[in-house]
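Shown below: protein10.cif, with mmCIF, N, CA and C atoms.
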```cif
data_model
loop_
_atom_site.label_atom_id
_atom_site.label_comp_id
_atom_site.auth_asym_id
_atom_site.auth_seq_id
_atom_site.Cartn_x
_atom_site.Cartn_y
_atom_site.Cartn_z
N MET A 288 123.66 97.67 99.79
CA MET A 288 123.57 96.52 98.91
C MET A 288 124.30 96.83 97.62
N ARG A 289 125.01 95.88 97.14
CA ARG A 289 125.70 96.01 95.86
C ARG A 289 124.78 95.49 94.76
N LEU A 290 124.31 96.39 93.90
CA LEU A 290 123.44 95.98 92.80
C LEU A 290 124.29 95.46 91.65
N THR A 291 124.01 94.25 91.24
CA THR A 291 124.72 93.67 90.11
C THR A 291 123.93 93.97 88.84
N ARG A 292 124.54 93.74 87.71
CA ARG A 292 123.86 94.02 86.44
C ARG A 292 122.52 93.30 86.31
N PRO A 293 122.41 92.01 86.68
CA PRO A 293 121.10 91.37 86.57
C PRO A 293 120.05 92.05 87.45
N LEU A 294 120.45 92.51 88.64
CA LEU A 294 119.49 93.18 89.52
C LEU A 294 119.08 94.52 88.95
N LEU A 295 120.04 95.26 88.40
CA LEU A 295 119.70 96.54 87.77
C LEU A 295 118.82 96.31 86.56
N ALA A 296 119.08 95.25 85.82
CA ALA A 296 118.28 94.96 84.63
C ALA A 296 116.84 94.67 85.01
N VAL A 297 116.60 93.89 86.06
CA VAL A 297 115.22 93.60 86.45
C VAL A 297 114.56 94.84 87.01
N ALA A 298 115.31 95.70 87.70
CA ALA A 298 114.72 96.94 88.20
C ALA A 298 114.30 97.83 87.04
N ALA A 299 115.13 97.92 86.01
CA ALA A 299 114.78 98.71 84.84
C ALA A 299 113.58 98.10 84.12
N LEU A 300 113.54 96.77 84.01
CA LEU A 300 112.42 96.11 83.39
C LEU A 300 111.15 96.33 84.20
N ALA A 301 111.26 96.26 85.51
CA ALA A 301 110.10 96.49 86.37
C ALA A 301 109.55 97.89 86.16
N LEU A 302 110.43 98.86 86.04
CA LEU A 302 110.00 100.22 85.81
C LEU A 302 109.28 100.33 84.47
N ALA A 303 109.80 99.67 83.45
CA ALA A 303 109.18 99.71 82.13
C ALA A 303 107.81 99.05 82.13
N LEU A 304 107.67 97.98 82.90
CA LEU A 304 106.39 97.27 82.96
C LEU A 304 105.36 97.98 83.82
N ALA A 305 105.82 98.75 84.80
CA ALA A 305 104.92 99.37 85.77
C ALA A 305 104.47 100.73 85.25
N GLY A 306 103.35 100.74 84.57
CA GLY A 306 102.81 101.99 84.07
C GLY A 306 101.81 102.56 85.05
N CYS A 307 101.20 103.66 84.67
CA CYS A 307 100.20 104.29 85.51
C CYS A 307 98.88 103.58 85.30
N GLY A 308 98.01 103.67 86.30
CA GLY A 308 96.69 103.09 86.19
C GLY A 308 96.24 102.57 87.52
N SER A 309 95.00 102.12 87.57
CA SER A 309 94.47 101.55 88.80
C SER A 309 93.43 100.53 88.41
N GLY A 310 92.90 99.85 89.40
CA GLY A 310 91.88 98.85 89.13
C GLY A 310 92.09 97.63 89.97
N GLY A 311 91.26 96.62 89.76
CA GLY A 311 91.39 95.39 90.49
C GLY A 311 90.89 95.46 91.91
N GLU A 312 89.96 96.38 92.17
CA GLU A 312 89.47 96.52 93.54
C GLU A 312 88.81 95.24 94.05
N GLU A 313 88.13 94.52 93.13
CA GLU A 313 87.47 93.28 93.56
C GLU A 313 88.49 92.26 94.06
N ALA A 314 89.64 92.17 93.36
CA ALA A 314 90.67 91.21 93.76
C ALA A 314 91.25 91.58 95.11
N ALA A 315 91.34 92.86 95.42
CA ALA A 315 91.90 93.30 96.69
C ALA A 315 90.96 92.98 97.85
N ALA A 316 89.67 92.81 97.54
CA ALA A 316 88.69 92.56 98.59
C ALA A 316 88.92 91.21 99.27
N ARG A 317 89.44 90.25 98.53
CA ARG A 317 89.69 88.93 99.11
C ARG A 317 91.15 88.56 98.88
N VAL A 318 91.87 88.45 99.97
CA VAL A 318 93.30 88.15 99.88
C VAL A 318 93.56 86.81 100.56
N PRO A 319 94.02 85.82 99.81
CA PRO A 319 94.31 84.51 100.40
C PRO A 319 95.58 84.55 101.25
N GLU A 320 95.82 83.47 101.96
CA GLU A 320 97.08 83.32 102.69
C GLU A 320 98.23 83.40 101.70
N THR A 321 99.31 84.03 102.09
CA THR A 321 100.44 84.26 101.19
C THR A 321 101.03 82.93 100.72
N ALA A 322 101.15 82.81 99.40
CA ALA A 322 101.69 81.60 98.78
C ALA A 322 103.19 81.47 99.05
N GLU A 323 103.66 80.24 98.99
CA GLU A 323 105.09 79.94 99.09
C GLU A 323 105.43 78.94 98.00
N GLY A 324 106.71 78.90 97.65
CA GLY A 324 107.13 77.90 96.68
C GLY A 324 108.20 78.43 95.75
N SER A 325 108.56 77.58 94.82
CA SER A 325 109.58 77.93 93.82
C SER A 325 108.98 78.89 92.80
N LEU A 326 109.82 79.46 91.98
CA LEU A 326 109.35 80.35 90.92
C LEU A 326 108.34 79.63 90.04
N GLU A 327 108.63 78.40 89.68
CA GLU A 327 107.73 77.63 88.83
C GLU A 327 106.39 77.35 89.52
N GLN A 328 106.43 77.06 90.82
CA GLN A 328 105.19 76.80 91.56
C GLN A 328 104.33 78.06 91.64
N LEU A 329 104.97 79.19 91.92
CA LEU A 329 104.22 80.45 91.98
C LEU A 329 103.65 80.80 90.61
N ALA A 330 104.44 80.60 89.55
CA ALA A 330 103.97 80.87 88.19
C ALA A 330 102.76 79.99 87.87
N ALA A 331 102.79 78.75 88.28
CA ALA A 331 101.66 77.85 88.03
C ALA A 331 100.41 78.34 88.76
N GLU A 332 100.59 78.88 89.96
CA GLU A 332 99.46 79.42 90.74
C GLU A 332 98.75 80.55 90.00
N VAL A 333 99.51 81.35 89.26
CA VAL A 333 98.92 82.49 88.55
C VAL A 333 98.77 82.22 87.05
N ARG A 334 98.95 80.96 86.67
CA ARG A 334 98.72 80.50 85.31
C ARG A 334 99.57 81.24 84.26
N CYS A 335 100.88 81.25 84.50
CA CYS A 335 101.78 81.81 83.49
C CYS A 335 102.92 80.84 83.24
N GLU A 336 103.46 80.92 82.05
CA GLU A 336 104.63 80.14 81.67
C GLU A 336 105.83 81.06 81.84
N PRO A 337 106.65 80.85 82.88
CA PRO A 337 107.74 81.79 83.15
C PRO A 337 108.83 81.75 82.10
N ASP A 338 109.23 82.93 81.64
CA ASP A 338 110.37 83.08 80.73
C ASP A 338 111.55 83.48 81.62
N ILE A 339 112.35 82.49 82.01
CA ILE A 339 113.44 82.71 82.97
C ILE A 339 114.47 83.67 82.39
N GLN A 340 114.76 84.73 83.14
CA GLN A 340 115.74 85.73 82.74
C GLN A 340 117.03 85.61 83.55
N THR A 341 116.89 85.27 84.83
CA THR A 341 118.04 85.11 85.72
C THR A 341 117.85 83.84 86.52
N ASP A 342 118.87 83.00 86.55
CA ASP A 342 118.81 81.75 87.30
C ASP A 342 120.11 81.64 88.09
N ALA A 343 120.15 82.32 89.24
CA ALA A 343 121.34 82.37 90.08
C ALA A 343 121.01 81.82 91.46
N ASP A 344 122.03 81.55 92.25
CA ASP A 344 121.81 81.02 93.59
C ASP A 344 120.97 81.96 94.45
N GLU A 345 121.23 83.28 94.36
CA GLU A 345 120.56 84.22 95.26
C GLU A 345 119.23 84.75 94.73
N ILE A 346 119.02 84.72 93.41
CA ILE A 346 117.78 85.21 92.82
C ILE A 346 117.46 84.45 91.54
N ARG A 347 116.18 84.17 91.36
CA ARG A 347 115.67 83.63 90.10
C ARG A 347 114.56 84.57 89.66
N GLN A 348 114.57 84.96 88.42
CA GLN A 348 113.52 85.86 87.95
C GLN A 348 113.07 85.49 86.56
N ALA A 349 111.80 85.80 86.30
CA ALA A 349 111.21 85.48 85.00
C ALA A 349 110.22 86.56 84.62
N ILE A 350 110.02 86.68 83.32
CA ILE A 350 108.94 87.52 82.81
C ILE A 350 107.75 86.59 82.62
N CYS A 351 106.61 87.04 83.08
CA CYS A 351 105.39 86.24 82.98
C CYS A 351 104.29 87.06 82.32
N ARG A 352 103.37 86.36 81.70
CA ARG A 352 102.18 86.99 81.13
C ARG A 352 101.03 86.02 81.34
N ASN A 353 99.92 86.56 81.83
CA ASN A 353 98.71 85.76 81.96
C ASN A 353 97.53 86.65 81.61
N GLY A 354 96.33 86.23 81.93
CA GLY A 354 95.14 87.02 81.60
C GLY A 354 95.09 88.38 82.27
N ASP A 355 95.85 88.55 83.34
CA ASP A 355 95.87 89.83 84.05
C ASP A 355 96.84 90.82 83.42
N GLY A 356 97.85 90.33 82.70
CA GLY A 356 98.83 91.20 82.08
C GLY A 356 100.23 90.63 82.20
N ARG A 357 101.21 91.52 82.01
CA ARG A 357 102.62 91.13 82.03
C ARG A 357 103.26 91.60 83.33
N PHE A 358 104.16 90.76 83.88
CA PHE A 358 104.81 91.09 85.14
C PHE A 358 106.11 90.33 85.27
N VAL A 359 106.93 90.79 86.22
CA VAL A 359 108.17 90.10 86.56
C VAL A 359 107.91 89.33 87.85
N LEU A 360 108.35 88.10 87.90
CA LEU A 360 108.24 87.27 89.09
C LEU A 360 109.66 86.89 89.50
N ALA A 361 110.01 87.15 90.76
CA ALA A 361 111.35 86.83 91.25
C ALA A 361 111.26 86.10 92.57
N THR A 362 112.14 85.12 92.74
CA THR A 362 112.26 84.41 94.02
C THR A 362 113.68 84.60 94.53
N PHE A 363 113.82 84.52 95.85
CA PHE A 363 115.09 84.82 96.51
C PHE A 363 115.48 83.70 97.44
N ALA A 364 116.80 83.52 97.63
CA ALA A 364 117.31 82.49 98.53
C ALA A 364 117.11 82.86 99.99
N THR A 365 117.16 84.17 100.29
CA THR A 365 117.04 84.62 101.69
C THR A 365 116.08 85.79 101.81
N ASP A 366 115.50 85.95 102.99
CA ASP A 366 114.64 87.10 103.27
C ASP A 366 115.44 88.40 103.16
N ARG A 367 116.66 88.38 103.66
CA ARG A 367 117.50 89.58 103.63
C ARG A 367 117.82 89.99 102.19
N GLY A 368 118.17 89.02 101.36
CA GLY A 368 118.43 89.30 99.95
C GLY A 368 117.21 89.89 99.25
N GLN A 369 116.04 89.37 99.58
CA GLN A 369 114.80 89.89 99.01
C GLN A 369 114.59 91.35 99.43
N ARG A 370 114.72 91.64 100.71
CA ARG A 370 114.47 93.00 101.19
C ARG A 370 115.48 93.97 100.61
N GLU A 371 116.74 93.57 100.50
CA GLU A 371 117.75 94.44 99.89
C GLU A 371 117.40 94.72 98.43
N TRP A 372 116.96 93.70 97.71
CA TRP A 372 116.59 93.87 96.32
C TRP A 372 115.41 94.83 96.20
N ILE A 373 114.37 94.62 97.02
CA ILE A 373 113.19 95.49 96.97
C ILE A 373 113.57 96.93 97.29
N ASN A 374 114.35 97.12 98.34
CA ASN A 374 114.74 98.48 98.72
C ASN A 374 115.50 99.17 97.61
N GLY A 375 116.38 98.45 96.91
CA GLY A 375 117.11 99.03 95.79
C GLY A 375 116.22 99.26 94.58
N ALA A 376 115.33 98.32 94.30
CA ALA A 376 114.46 98.43 93.13
C ALA A 376 113.44 99.55 93.28
N LYS A 377 113.00 99.82 94.51
CA LYS A 377 111.98 100.85 94.73
C LYS A 377 112.45 102.23 94.30
N ASP A 378 113.76 102.44 94.24
CA ASP A 378 114.27 103.73 93.76
C ASP A 378 113.87 103.97 92.31
N TYR A 379 113.54 102.91 91.58
CA TYR A 379 113.15 103.01 90.19
C TYR A 379 111.64 103.12 90.01
N GLY A 380 110.91 103.18 91.12
CA GLY A 380 109.45 103.24 91.06
C GLY A 380 108.89 101.83 90.99
N GLY A 381 107.68 101.71 90.50
CA GLY A 381 107.07 100.40 90.30
C GLY A 381 106.09 100.01 91.39
N HIS A 382 105.40 98.92 91.13
CA HIS A 382 104.39 98.37 92.02
C HIS A 382 104.76 96.93 92.30
N TYR A 383 104.80 96.57 93.57
CA TYR A 383 105.34 95.30 94.01
C TYR A 383 104.32 94.53 94.84
N LEU A 384 104.20 93.24 94.56
CA LEU A 384 103.47 92.32 95.41
C LEU A 384 104.53 91.47 96.08
N VAL A 385 104.56 91.50 97.41
CA VAL A 385 105.66 90.89 98.16
C VAL A 385 105.14 89.74 99.01
N GLY A 386 105.76 88.59 98.84
CA GLY A 386 105.50 87.43 99.67
C GLY A 386 106.80 87.02 100.35
N ARG A 387 106.80 85.89 101.03
CA ARG A 387 108.03 85.43 101.68
C ARG A 387 108.97 84.85 100.64
N LYS A 388 110.06 85.53 100.40
CA LYS A 388 111.11 85.15 99.45
C LYS A 388 110.65 85.21 97.99
N TRP A 389 109.62 86.01 97.70
CA TRP A 389 109.23 86.24 96.30
C TRP A 389 108.65 87.62 96.14
N VAL A 390 108.69 88.12 94.90
CA VAL A 390 108.15 89.42 94.54
C VAL A 390 107.57 89.32 93.13
N ALA A 391 106.43 89.95 92.92
CA ALA A 391 105.88 90.15 91.58
C ALA A 391 105.85 91.65 91.33
N VAL A 392 106.28 92.07 90.15
CA VAL A 392 106.36 93.49 89.82
C VAL A 392 105.61 93.74 88.53
N GLY A 393 104.73 94.74 88.54
CA GLY A 393 103.99 95.07 87.34
C GLY A 393 103.10 96.28 87.57
N GLU A 394 102.17 96.49 86.65
CA GLU A 394 101.22 97.59 86.76
C GLU A 394 100.32 97.35 87.97
N PRO A 395 99.76 98.42 88.53
CA PRO A 395 98.92 98.26 89.73
C PRO A 395 97.79 97.25 89.56
N LYS A 396 97.09 97.29 88.42
CA LYS A 396 95.97 96.36 88.23
C LYS A 396 96.45 94.91 88.16
N VAL A 397 97.65 94.71 87.65
CA VAL A 397 98.20 93.35 87.53
C VAL A 397 98.58 92.81 88.90
N VAL A 398 99.36 93.59 89.68
CA VAL A 398 99.79 93.08 91.00
C VAL A 398 98.59 92.94 91.94
N THR A 399 97.57 93.78 91.78
CA THR A 399 96.36 93.64 92.60
C THR A 399 95.64 92.34 92.26
N ALA A 400 95.54 92.03 90.97
CA ALA A 400 94.91 90.77 90.55
C ALA A 400 95.73 89.57 91.03
N LEU A 401 97.05 89.66 90.93
CA LEU A 401 97.91 88.56 91.40
C LEU A 401 97.74 88.34 92.90
N ARG A 402 97.54 89.42 93.64
CA ARG A 402 97.35 89.32 95.09
C ARG A 402 96.12 88.47 95.42
N GLY A 403 95.12 88.50 94.55
CA GLY A 403 93.93 87.68 94.76
C GLY A 403 94.21 86.19 94.66
N ARG A 404 95.34 85.80 94.06
CA ARG A 404 95.73 84.39 93.94
C ARG A 404 96.89 84.02 94.84
N LEU A 405 97.83 84.97 95.04
CA LEU A 405 99.06 84.67 95.79
C LEU A 405 99.08 85.24 97.19
N GLY A 406 98.14 86.11 97.53
CA GLY A 406 98.23 86.81 98.81
C GLY A 406 99.39 87.79 98.75
N GLY A 407 99.99 88.08 99.88
CA GLY A 407 101.12 89.00 99.89
C GLY A 407 100.72 90.41 100.25
N THR A 408 101.71 91.28 100.21
CA THR A 408 101.56 92.68 100.60
C THR A 408 101.91 93.57 99.41
N LEU A 409 101.10 94.59 99.17
CA LEU A 409 101.37 95.54 98.10
C LEU A 409 102.32 96.62 98.60
N GLU A 410 103.34 96.92 97.81
CA GLU A 410 104.28 98.00 98.11
C GLU A 410 104.49 98.80 96.84
N GLU A 411 104.89 100.07 97.02
CA GLU A 411 105.15 100.94 95.88
C GLU A 411 106.53 101.53 95.96
N GLY A 412 107.13 101.69 94.80
CA GLY A 412 108.41 102.37 94.72
C GLY A 412 108.18 103.87 94.68
N GLN A 413 109.27 104.61 94.65
CA GLN A 413 109.18 106.06 94.58
C GLN A 413 108.64 106.47 93.23
N ASP A 414 107.71 107.40 93.23
CA ASP A 414 107.11 107.89 92.00
C ASP A 414 107.87 109.13 91.54
N HIS A 415 108.58 109.00 90.43
CA HIS A 415 109.36 110.11 89.90
C HIS A 415 108.67 110.76 88.71
N GLY A 416 107.46 110.28 88.38
CA GLY A 416 106.78 110.75 87.18
C GLY A 416 105.91 111.96 87.41
N ALA A 417 105.32 112.46 86.33
CA ALA A 417 104.45 113.64 86.37
C ALA A 417 103.16 113.36 87.11
N GLY A 418 102.72 112.10 87.14
CA GLY A 418 101.46 111.75 87.80
C GLY A 418 101.64 111.39 89.25
N ALA A 419 102.56 112.04 89.94
CA ALA A 419 102.88 111.68 91.32
C ALA A 419 101.71 111.80 92.26
N GLY A 420 100.71 112.61 91.94
CA GLY A 420 99.57 112.78 92.82
C GLY A 420 98.49 111.75 92.61
N GLN A 421 98.62 110.89 91.60
CA GLN A 421 97.62 109.88 91.33
C GLN A 421 97.70 108.78 92.37
N GLY A 422 96.62 108.03 92.52
CA GLY A 422 96.61 106.91 93.45
C GLY A 422 95.95 107.27 94.76
N ALA A 423 95.25 108.40 94.82
CA ALA A 423 94.62 108.84 96.06
C ALA A 423 93.54 107.88 96.53
N GLU A 424 92.93 107.13 95.60
CA GLU A 424 91.87 106.22 96.01
C GLU A 424 92.35 105.14 96.95
N ALA A 425 93.64 104.85 96.95
CA ALA A 425 94.20 103.84 97.85
C ALA A 425 94.92 104.49 99.03
N GLY A 426 94.74 105.80 99.19
CA GLY A 426 95.37 106.50 100.30
C GLY A 426 96.86 106.70 100.08
N GLN A 427 97.28 106.73 98.80
CA GLN A 427 98.70 106.85 98.50
C GLN A 427 99.00 108.30 98.14
N GLY A 428 100.15 108.76 98.52
CA GLY A 428 100.58 110.10 98.16
C GLY A 428 101.87 110.03 97.36
N ALA A 429 102.30 111.15 96.89
CA ALA A 429 103.55 111.21 96.13
C ALA A 429 104.70 110.79 97.01
N GLY A 430 105.57 109.96 96.47
CA GLY A 430 106.75 109.54 97.19
C GLY A 430 106.47 108.59 98.32
N ALA A 431 105.28 108.02 98.37
CA ALA A 431 104.93 107.12 99.46
C ALA A 431 105.77 105.86 99.38
N GLY A 432 106.10 105.32 100.52
CA GLY A 432 106.87 104.08 100.57
C GLY A 432 105.96 102.89 100.51
N GLY A 433 106.28 101.85 101.27
CA GLY A 433 105.52 100.61 101.24
C GLY A 433 104.14 100.78 101.84
N HIS A 434 103.17 100.07 101.29
CA HIS A 434 101.80 100.06 101.80
C HIS A 434 101.49 98.64 102.20
N HIS A 435 100.86 98.49 103.31
CA HIS A 435 100.56 97.15 103.80
C HIS A 435 99.08 96.95 103.92
#
```
Let me see the file written as structure tokens.
Amino acid sequence: MRLTRPLLAVAALALALAGCGSGGEEAAARVPETAEGSLEQLAAEVRCEPDIQTDADEIRQAICRNGDGRFVLATFATDRGQREWINGAKDYGGHYLVGRKWVAVGEPKVVTALRGRLGGTLEEGQDHGAGAGQGAEAGQGAGAGGHH
């Protein structure tokens, strides 16, 4: 995949937003059917006013903030484009909530809380930090790939 500057920028932003931590176990206990829709529709579902950063044919992305915290929300024109973006972004670390043609990126507690409203699958990027052994409560190890 050829990463363009907007894609690299969102990956860097995702890394900056995705800090260490855990929580949101209650939200993980009940996962609704995975939401679908436009960036604005998904943002409305999680009660945030999207600050659009990229508005292109293949990807739309926004910074969002709600009661759960701050996160990046991105929608994609194709499933393939989404998967290529995720695979490239995971090299930067981060925590991802993945739906069909959309991704939310943020701290673990934020994406876990969002999952309680949007459904989806939790995935993790590569952990390059000093706390690589953290996250054992979810059965995660250092350098673990996607979790379903």
Do you have, as a tab-separated table, the list of residues of range 297-401 of chain A lying at most 6.5 Å from range 406-412 of chain A, each with its nearest atom pair and that distance in Å to one decimal, counting all atoms listed in the file and ordered by chain then number?
```
residue	atom	partner	partner_atom	distance
A:Val318	C	A:Gly406	CA	5.0
A:Pro319	C	A:Gly406	CA	4.3
A:Glu320	C	A:Gly406	CA	4.5
A:Thr321	CA	A:Gly407	N	4.1
A:Ala322	N	A:Gly406	N	4.8
A:Ala376	C	A:Gly412	CA	5.9
A:Lys377	CA	A:Gly412	CA	3.9
A:Asp378	N	A:Gly412	CA	5.4
A:Tyr379	C	A:Gly412	CA	5.8
A:Gly380	C	A:Gly412	CA	3.8
A:Gly381	C	A:Gly412	N	3.9
A:His382	CA	A:Glu411	CA	4.7
A:Tyr383	C	A:Glu410	N	3.9
A:Leu384	CA	A:Thr408	C	4.5
A:Val385	N	A:Thr408	C	3.9
A:Gly386	CA	A:Gly407	CA	4.7
A:Leu401	C	A:Gly406	N	5.2
```
> Mind pulling up the distance from atom C of Gln413 in chain A to atom C of Pro337 in chain A?
Replying inline: 27.1 Å
> So how many Å separate CA of Val397 in chain A and CA of Asp355 in chain A, to one decimal?
Replying inline: 5.5 Å
May I have the centre and edge lengths, in Å to one decimal, of an axis-aligned box around the listed atoms of range 349-365 of chain A with 4 Å added to every side, as JSON?
```
{"center_x": 106.2, "center_y": 87.0, "center_z": 91.5, "size_x": 30.2, "size_y": 17.1, "size_z": 28.7}
```
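Of the residues listed (A:Arg402, A:Arg357, A:Arg317, A:Arg367), A:Arg357 shows the shortest atom-to-atom separation from Glu336 in chain A; distances use only C-alpha atoms.
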> What gap, in Å, lies between CA of Thr362 in chain A and CA of Lys396 in chain A?
Replying inline: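 It comes out at 21.0 Å.
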> Could you pull the residues within 8 Å of range 329-334 of chain A, counting all atoms listed in the file, minus those fewer than 4 positions along the same chain, as a list in words?
Replying inline: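 After dropping sequence-adjacent residues, the list is Ala322, Glu323, Gly324, Ser325, Cys351, Arg352, Asn353, Gly354, Asp355, Leu360, Leu401, Arg404 and Leu405 of chain A.
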> DSSP on the backbone: what in range 332-402 of chain A comes out strand (DSSP E or B), as a PyMOL selection string?
Replying inline: chain A and resi 338-342+346-353+356-363+382-386+389-393
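Restricting the calculation to only C-alpha atoms, the smallest distance between Lys388 in chain A and any of A:Ala343, A:Ala400, A:Gln369, A:Gln348 is found for A:Gln369.
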> Exactly which residues make up the result of the PyMOL selection byres ((chain A and resi 346) around 7) on this file, given as a ChimeraX atom specification?
Replying inline: /A:341-345,347-348,361-364
> Pick the closest to Arg387 in chain A from A:Gly403, A:Ile373, A:Asp366, A:Asp414: which is it, counting all atoms listed in the file?
Replying inline: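 Using all atoms listed in the file, the shortest distance to Arg387 in chain A belongs to A:Asp366.
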